[in-house]
Amino acid sequence: MREPQIRLSIASAVVALGLLASSTGVPAHAEPGAMPVGSDRLTPSATLKVSPQVPVLGTRYRVSGRVLHSRGVRPVVLQRKVGSTWAAIDRTVTKQTGAYRFIVLADGPARLRTVAPKTTRPLRPAARSTSLRVRPVAQSARLRLPSSAVEGQPMTAQASLSPARPGRPVALQVASGDQWSTVAHGTEDAHGRVTFTLTAPSASVTDYRLHAAKVRRTPALDSHTRTLTTVASVPRVDITTDNGAEITDGEIYSHGVVEVSPRGSGLAASSTPARLRVRGNSTSWIRMKLSYKIKLDKKASILEMPPSKNWVLLADFYDRSMLRNRTAFELSRRVGLPWTPGAVPVEVWQNGVFQGLYELGEGIAAEPDRVNIDTDDGVAALLEADSWADPGTPSFVTSRGLQVFVKEPDEPTQADVDTIAVSIQQFEDVLYSDDYTDAQTGYRSYIDVSSFIDWYLVNEITKNVDSSYLNSCWMYLDDSGVLHMGPVWDFDQSSGNRTDSGTDSPVGWFLRANQSVQDPDGTWWGPTMMPGPEGHWINRMFTDPWFVDQVKARWAAVRDSLASIPAYVDAQAALIAPAAGRNFAPLTEGGAGMPIGATFLEGPTHIFWGSWSAETTHLSAWLDQRITWMDDRLSTP
C-alpha cells in the first residue's frame with residue numbers, strides 16, 4: 001500500500017532537481033540532440049574548456065571540465081558534431097568531484113561538447129555542456145632582419161610566432177657550417193612577438209633562423225632561414241702601385257692609385273692617381289706597419305674632406321688602442337683651435353695584401369682649408385719644432401736649443417729662412433727677458449696667446465710626451481708675423497701609455513711643469529730641446545700670473561665640452577672594434593698580425609695592457625680621471 005507514495009517521492013525529487021537547476025540560472029532546455037531525462041528537457045550542467053585555446057594542427061590538446069551538482073564517479077561522453085548529428089569520439093569517467101578530461105588530436109576544425117548520461121543508481125539526471133568550436137592552426141614562425149647592417153653596431157631582429165605562446169623561450173640562431181649556434185635569447189609576449197637586440201657580426205653574408213622551444217603540447221619549431229649582409233664599419237683603401245712595387249722609401253715616391261671604398265661608413269668612394277712614400281721619424285723604422293705620405297696628382301676630396309693634394313696614412317703602431325690621435329684631434333676641435341686635421345679610420349690593402357687598420361687624414365699644409373696663411377709674401381711660414389734630423393728641409397736653431405724646420409714655403413731662400421729665424425728669436429729673447437710680462441712690449445705682443453693656450457690644453461690633458469718642445473710641435477707665422485701654436489699632431493705616445501716624466505699618471509702637471517733635471521756635473525737634460533732652470537716656452541709663460549688667469553678662463557669656457565671625451569673614446573672604440581680585431585689577428589686567420597704587446601721597437605717606458613679592449617678601456621678611464629683632476633685645479637679661484 002505504500003509503494004505509490006515512494007514513486008511519488010522519486011518523481012518529486014526529480015522535479016526538485018529540475019527546479020534546482022533552474023534556480024542556478026542555467027537554461028533548462030537542451031539544444032537538439034540532447035539526451036532526455038524523463039522528458040524533452042535536459043539541464044546543461046557541465047563545464048567545458050579547451051587547452052590551449054588555439055591548438056596546433058597535428059598535436060594533441062586537452063578537453064576538460066566538470067559535471068556540476070554531481071557527487072561521485074559517473075561516465076562522460078565526448079561528442080563531435082558531424083553534419084547535423086553528434087557522434088561520440090571518446091568516453092571516460094569523472095573523478096569524485098565531477099572533473100573529467102580528454103586528450104584529442106587536432107586534425108582539423110571541430111565542434112565539441114560533453115554529455116553525462118542519466119544514471120538510475122544512484123539517480124542522476126543527464127547533463128551536457130554547451131558546445132565549443134575548436135579551430136587548430138598550423139604553427140608558424142617568421143623572422144624579420146634589417147636589409148643590411150654595419151658590423152659591430154647594434155641591430156634588431158623581430159620574431160613573430162603563431163599561435164602565440166606567451167613565455168615560450170625563443171632563440172635566434174646563426175649558421176656556422178652545417179651547425180646552428182644561438183646568439184640571442186628571448187621569450188614570446190602575449191602576441192607571439194620577440195625582439196632581439198644584438199651586435200652585427202663582422203662583414204659577411206650570414207644565415208639566421210628562429211628556434212622556438214617545445215612547450216606543453218606545442219612542439220619545437222624552426223623558422224625559414226633569412227640572410228643578413230653586414231658591411232664593414234670603416235672604409236677600405238686599396239693602394240695599387242705601378243708594377244706592384246712595395247713602398248719602402250722615405251724620400252723616393254712610388255706611383256700608383258689610391259682607391260677608397262666606403263663600405264658601411266656612408267662616405268663617398270674615390271679613385272685617384274697618386275704618389276706615395278714612407279713618412280715619419282721613429283715610425284719609419286716599423287717595417288711591419290709603415291705610415292705613408294700621399295701626394296695626389298691633382299687636388300681631390302677623399303672621404304668628403306676638403307680637396308687637397310696632401311694626405312697621410314697613419315699606422316698608429318705605438319698606440320695599441322689606435323684611438324689616441326683621433327681623440328686628441330677631437331679635443332682640439334672642442335677646445336677651438338682654428339684648424340684640426342681631419343682623419344677617418346680605414347683598413348688598408350697594398351697590392352692586395354692586408355696591412356691593417358690605419359687613419360687616412362689630412363696632412364698639415366698651408367692651404368685655405370687647412371693652415372690658412374699665404375706663404376708667398378715672404379713673412380708667413382709653416383714651422384715644425386722637432387729634434388730629429390731632416391737634411392732635406394731648411395731649419396734653424398734658437399739660442400735656447402729649439403730646432404725649427406721651415407715646412408712651407410716649399411723652397412724658401414736662405415734670406416727667407418733667416419728672416420723667419422730672426423722673428424722667432426726675437427720672441428724667444430723677449431719671453432726670457434726681465435720685462436717679459438709687460439702687456440705692450442713683452443712676449444704677448446709677438447704671439448697669438450689664445451692659440452698657445454688652446455694648444456697647451458690639448459697637450460696637457462693628454463700628457464703628450466712630444467709636446468714639451470721635443471718633437472712634432474707645429475706652429476706658424478701669419479701674414480703679419482705673429483706666431484701661432486698649432487695645429488696639434490702626433491699623439492701615439494700620450495694619455496698614459498708611457499712612464500716618461502710621470503706621463504703614466506692621470507694626475508700632476510706635465511707640460512706646465514719644468515721636467516728638466518740637472519746632473520751633478522751641471523748638465524741639464526729632460527724631455528725637451530730646451531732643458532734648463534727656466535724650461536721651455538710654456539714653462540716660462542706659466543710664470544706670468546696673467547697667462548695663468550687666461551688659461552683658467554679658457555678652461556671655464558670649454559670644460560663642459562671636454563667632460564664627455566671619455567664617452568667619445570667609448571663610441572669610437574665601438575666603431576673600429578671589428579677592424580681593430582682584424583688588425584691584431586694573426587696572419588693565419590686573415591689578420592694583419594700586428595702585436596698587441598711589447599716588441600723590440602719599444603723601450604722600457606712603454607705600457608701595454610694585454611688586449612685591445614683593455615687598451616681602450618684604460619684610455620677612456622685615464623682621460624676621465626685626467627680631465628677631472630685638471631678641472632679641480634683650473635676651476636679653483
# chains A, B, ... in the order shown; residues from 1 in each chain; ligands from 1
$ residues_around --residues "A:Gln493" --least-positions-apart "5" --cutoff "12 Å" --atoms "only C-alpha atoms" --output "count of residues only"
34
$ select_by_dssp --residues "stretch 231-343 of chain A" --states "helix (DSSP H, G or I)" --output "VMD selection string"
chain A and resid 242 to 244 263 to 265 282 to 285 324 to 335
$ closest_residue --among "A:Leu221, A:Val93, A:Leu477, A:Ala110" --to "A:Ile373" --atoms "only C-alpha atoms"
A:Leu477
$ residues_around --residues "stretch 58-71 of chain A" --least-positions-apart "2" --cutoff "8 Å" --atoms "only C-alpha atoms" --output "VMD selection string"
chain A and resid 45 to 52 55 to 56 73 94 96 to 107 116 124 127 to 128 217 to 219
$ write_last_selection --atoms "N, CA, C and O atoms" --output "compact mmCIF listing (two decimals), in the first residue's frame"
# COMPACT_ATOMS: atom_id res chain seq x y z
N SER A 45 24.41 21.12 -17.43
CA SER A 45 25.10 21.37 -16.17
C SER A 45 26.49 20.75 -16.15
O SER A 45 26.86 20.09 -15.21
N ALA A 46 27.26 20.97 -17.26
CA ALA A 46 28.65 20.54 -17.32
C ALA A 46 29.47 21.66 -17.97
O ALA A 46 29.01 22.29 -18.93
N THR A 47 30.63 21.89 -17.40
CA THR A 47 31.52 22.91 -17.99
C THR A 47 32.43 22.26 -19.02
O THR A 47 32.66 21.04 -18.99
N LEU A 48 32.99 23.10 -19.91
CA LEU A 48 33.86 22.57 -20.96
C LEU A 48 34.86 23.65 -21.35
O LEU A 48 34.48 24.80 -21.58
N LYS A 49 36.13 23.27 -21.43
CA LYS A 49 37.16 24.19 -21.93
C LYS A 49 38.23 23.41 -22.68
O LYS A 49 38.38 22.19 -22.47
N VAL A 50 38.93 24.12 -23.53
CA VAL A 50 39.97 23.53 -24.36
C VAL A 50 41.30 24.21 -24.03
O VAL A 50 41.36 25.44 -23.90
N SER A 51 42.36 23.45 -23.89
CA SER A 51 43.69 23.99 -23.60
C SER A 51 44.73 23.28 -24.47
O SER A 51 44.80 22.05 -24.46
N PRO A 52 45.51 24.06 -25.26
CA PRO A 52 45.40 25.51 -25.46
C PRO A 52 44.17 25.86 -26.28
O PRO A 52 43.65 25.02 -27.01
N PRO A 55 44.82 25.17 -30.62
CA PRO A 55 45.78 24.09 -30.75
C PRO A 55 46.52 24.16 -32.08
O PRO A 55 46.07 24.80 -33.02
N VAL A 56 47.65 23.48 -32.12
CA VAL A 56 48.44 23.39 -33.34
C VAL A 56 48.04 22.13 -34.09
O VAL A 56 47.92 21.05 -33.48
N VAL A 73 31.65 9.28 -8.94
CA VAL A 73 32.09 8.97 -10.29
C VAL A 73 30.89 8.71 -11.19
O VAL A 73 29.94 8.04 -10.79
N THR A 94 34.23 10.54 -14.56
CA THR A 94 34.66 11.69 -13.78
C THR A 94 35.37 11.24 -12.51
O THR A 94 35.30 10.08 -12.10
N GLN A 96 35.65 12.01 -8.31
CA GLN A 96 34.63 12.21 -7.29
C GLN A 96 34.09 13.63 -7.31
O GLN A 96 32.93 13.87 -6.98
N THR A 97 34.93 14.56 -7.74
CA THR A 97 34.50 15.97 -7.78
C THR A 97 33.69 16.29 -9.02
O THR A 97 33.19 17.41 -9.17
N GLY A 98 33.58 15.35 -9.94
CA GLY A 98 32.87 15.61 -11.19
C GLY A 98 33.79 16.06 -12.31
O GLY A 98 33.33 16.30 -13.43
N ALA A 99 35.09 16.20 -12.04
CA ALA A 99 36.02 16.67 -13.06
C ALA A 99 36.32 15.55 -14.05
O ALA A 99 36.38 14.37 -13.68
N TYR A 100 36.53 15.95 -15.30
CA TYR A 100 36.87 14.98 -16.34
C TYR A 100 37.87 15.62 -17.31
O TYR A 100 38.04 16.84 -17.35
N ARG A 101 38.50 14.77 -18.12
CA ARG A 101 39.48 15.27 -19.08
C ARG A 101 39.61 14.28 -20.25
O ARG A 101 39.56 13.07 -20.06
N PHE A 102 39.76 14.86 -21.46
CA PHE A 102 40.01 14.08 -22.67
C PHE A 102 41.24 14.66 -23.37
O PHE A 102 41.51 15.86 -23.28
N ILE A 103 41.94 13.81 -24.08
CA ILE A 103 43.05 14.24 -24.92
C ILE A 103 42.64 13.97 -26.37
O ILE A 103 42.31 12.84 -26.73
N VAL A 104 42.69 15.04 -27.20
CA VAL A 104 42.16 14.96 -28.55
C VAL A 104 43.24 15.36 -29.55
O VAL A 104 44.01 16.29 -29.31
N LEU A 105 43.26 14.67 -30.68
CA LEU A 105 44.19 15.01 -31.76
C LEU A 105 43.61 16.16 -32.58
O LEU A 105 42.46 16.10 -33.02
N ALA A 106 44.44 17.23 -32.76
CA ALA A 106 43.99 18.38 -33.54
C ALA A 106 44.20 18.07 -35.02
O ALA A 106 45.24 18.38 -35.60
N ASP A 107 43.17 17.45 -35.64
CA ASP A 107 43.28 17.09 -37.05
C ASP A 107 42.47 18.00 -37.95
O ASP A 107 42.35 17.77 -39.15
N ALA A 116 26.98 13.85 -19.95
CA ALA A 116 26.98 12.89 -18.86
C ALA A 116 25.61 12.19 -18.88
O ALA A 116 24.59 12.81 -18.57
N ARG A 124 20.74 10.12 -11.13
CA ARG A 124 21.35 11.37 -11.55
C ARG A 124 20.78 11.73 -12.91
O ARG A 124 20.74 10.88 -13.81
N ALA A 127 23.28 15.31 -18.11
CA ALA A 127 23.82 16.68 -18.16
C ALA A 127 24.72 16.80 -19.37
O ALA A 127 25.34 15.83 -19.81
N ARG A 128 24.77 17.97 -19.90
CA ARG A 128 25.69 18.20 -21.01
C ARG A 128 26.26 19.61 -20.92
O ARG A 128 25.71 20.49 -20.25
N ARG A 217 52.08 21.01 -25.08
CA ARG A 217 51.80 20.14 -26.23
C ARG A 217 52.14 20.80 -27.55
O ARG A 217 51.70 20.36 -28.61
N THR A 218 52.90 21.89 -27.49
CA THR A 218 53.32 22.55 -28.72
C THR A 218 54.76 22.14 -29.03
O THR A 218 55.66 22.38 -28.23
N PRO A 219 55.00 21.50 -30.16
CA PRO A 219 56.35 21.02 -30.46
C PRO A 219 57.30 22.16 -30.78
O PRO A 219 56.88 23.29 -31.06
$ select_by_dssp --residues "stretch 344-498 of chain A" --states "strand (DSSP E)" --output "PyMOL selection string"
chain A and resi 344-350+353-362+381-385+395-397+403-408+473-477+483-485
$ write_last_selection --atoms "N, CA and C atoms" --output "compact mmCIF listing (two decimals), in the first residue's frame"
# COMPACT_ATOMS: atom_id res chain seq x y z
N VAL A 344 90.00 59.69 -40.83
CA VAL A 344 88.97 58.66 -40.85
C VAL A 344 89.65 57.30 -40.71
N PRO A 345 89.18 56.44 -39.79
CA PRO A 345 89.78 55.10 -39.70
C PRO A 345 89.46 54.30 -40.96
N VAL A 346 90.45 53.61 -41.49
CA VAL A 346 90.30 52.83 -42.72
C VAL A 346 91.11 51.53 -42.58
N GLU A 347 90.71 50.54 -43.36
CA GLU A 347 91.52 49.32 -43.49
C GLU A 347 92.24 49.38 -44.84
N VAL A 348 93.53 49.05 -44.82
CA VAL A 348 94.37 49.27 -45.98
C VAL A 348 94.87 47.94 -46.56
N TRP A 349 94.78 47.86 -47.89
CA TRP A 349 95.41 46.78 -48.65
C TRP A 349 96.43 47.41 -49.60
N GLN A 350 97.65 46.89 -49.62
CA GLN A 350 98.66 47.37 -50.56
C GLN A 350 98.97 46.24 -51.54
N VAL A 353 97.58 42.96 -50.46
CA VAL A 353 98.00 42.41 -49.16
C VAL A 353 97.43 43.28 -48.04
N PHE A 354 96.76 42.65 -47.09
CA PHE A 354 96.14 43.38 -45.99
C PHE A 354 97.20 43.96 -45.07
N GLN A 355 97.10 45.28 -44.82
CA GLN A 355 98.09 45.99 -43.99
C GLN A 355 97.57 46.29 -42.59
N GLY A 356 96.26 46.28 -42.40
CA GLY A 356 95.70 46.55 -41.08
C GLY A 356 94.89 47.83 -41.03
N LEU A 357 94.60 48.26 -39.79
CA LEU A 357 93.80 49.46 -39.54
C LEU A 357 94.69 50.69 -39.50
N TYR A 358 94.33 51.71 -40.27
CA TYR A 358 95.06 52.98 -40.36
C TYR A 358 94.10 54.13 -40.13
N GLU A 359 94.67 55.35 -40.17
CA GLU A 359 93.87 56.56 -40.26
C GLU A 359 94.27 57.29 -41.54
N LEU A 360 93.30 57.51 -42.41
CA LEU A 360 93.53 58.30 -43.62
C LEU A 360 93.09 59.72 -43.31
N GLY A 361 94.02 60.67 -43.40
CA GLY A 361 93.66 62.02 -42.98
C GLY A 361 94.40 63.11 -43.73
N GLU A 362 94.11 64.30 -43.29
CA GLU A 362 94.71 65.49 -43.88
C GLU A 362 96.12 65.70 -43.32
N ALA A 381 104.89 81.63 -42.58
CA ALA A 381 105.61 80.37 -42.72
C ALA A 381 104.98 79.31 -41.85
N LEU A 382 105.02 78.07 -42.33
CA LEU A 382 104.57 76.91 -41.57
C LEU A 382 105.80 76.23 -41.00
N LEU A 383 105.84 76.05 -39.66
CA LEU A 383 107.05 75.60 -38.98
C LEU A 383 106.78 74.37 -38.13
N GLU A 384 107.82 73.57 -37.92
CA GLU A 384 107.74 72.42 -37.03
C GLU A 384 108.99 72.37 -36.16
N ALA A 385 108.79 72.38 -34.85
CA ALA A 385 109.90 72.18 -33.92
C ALA A 385 110.04 70.68 -33.69
N SER A 395 116.22 74.68 -41.93
CA SER A 395 115.96 74.78 -40.50
C SER A 395 116.89 75.78 -39.86
N PHE A 396 116.60 76.07 -38.60
CA PHE A 396 117.47 76.91 -37.78
C PHE A 396 117.29 76.48 -36.33
N VAL A 397 118.20 76.91 -35.47
CA VAL A 397 118.14 76.57 -34.05
C VAL A 397 118.20 77.85 -33.25
N GLN A 403 115.23 73.43 -32.27
CA GLN A 403 115.42 73.22 -33.71
C GLN A 403 114.08 73.37 -34.42
N VAL A 404 114.03 74.28 -35.39
CA VAL A 404 112.78 74.59 -36.09
C VAL A 404 112.99 74.37 -37.59
N PHE A 405 112.08 73.59 -38.19
CA PHE A 405 112.13 73.34 -39.63
C PHE A 405 111.11 74.22 -40.34
N VAL A 406 111.52 74.78 -41.47
CA VAL A 406 110.62 75.60 -42.28
C VAL A 406 109.94 74.67 -43.29
N LYS A 407 108.68 74.30 -43.01
CA LYS A 407 107.95 73.36 -43.85
C LYS A 407 107.35 74.01 -45.09
N GLU A 408 106.91 75.24 -44.94
CA GLU A 408 106.41 76.00 -46.09
C GLU A 408 106.74 77.46 -45.85
N CYS A 473 106.03 69.59 -32.85
CA CYS A 473 105.38 70.79 -32.32
C CYS A 473 105.23 71.80 -33.47
N TRP A 474 104.02 71.84 -34.04
CA TRP A 474 103.77 72.68 -35.20
C TRP A 474 103.36 74.08 -34.78
N MET A 475 103.76 75.06 -35.59
CA MET A 475 103.40 76.46 -35.34
C MET A 475 103.47 77.19 -36.67
N TYR A 476 102.97 78.40 -36.70
CA TYR A 476 103.08 79.17 -37.95
C TYR A 476 103.12 80.67 -37.66
N LEU A 477 103.82 81.36 -38.55
CA LEU A 477 103.82 82.82 -38.56
C LEU A 477 102.76 83.27 -39.55
N LEU A 483 103.18 84.85 -34.19
CA LEU A 483 103.41 83.42 -34.06
C LEU A 483 102.19 82.74 -33.41
N HIS A 484 101.73 81.67 -34.05
CA HIS A 484 100.61 80.87 -33.55
C HIS A 484 101.10 79.45 -33.26
N MET A 485 100.61 78.84 -32.19
CA MET A 485 100.89 77.43 -31.95
C MET A 485 99.79 76.60 -32.60
$ residues_around --residues "A:Gly481" --least-positions-apart "4" --cutoff "8 Å" --atoms "only C-alpha atoms" --output "PyMOL selection string"
chain A and resi 379-380+423+446+477
$ closest_residue --among "A:Pro117, A:Gly378, A:Pro545, A:Gly352" --to "A:Pro75" --atoms "only C-alpha atoms"
A:Pro117
$ atom_distance --atom1 "atom CA of A:Val54" --atom2 "atom CA of A:Arg168"
15.0 Å
$ residues_around --residues "A:Ser204" --least-positions-apart "6" --cutoff "8 Å" --atoms "only C-alpha atoms" --output "PyMOL selection string"
chain A and resi 229-231
$ closest_residue --among "A:Ser284, A:Asp418, A:Arg370, A:Leu290" --to "A:Met305" --atoms "only C-alpha atoms"
A:Arg370
$ closest_residue --among "A:Ile286, A:Trp546, A:Asp521, A:Pro125" --to "A:Asp438" --atoms "only C-alpha atoms"
A:Trp546
$ closest_residue --among "A:Leu112, A:Val548, A:Val260, A:Ala203" --to "A:Thr240" --atoms "only C-alpha atoms"
A:Val260
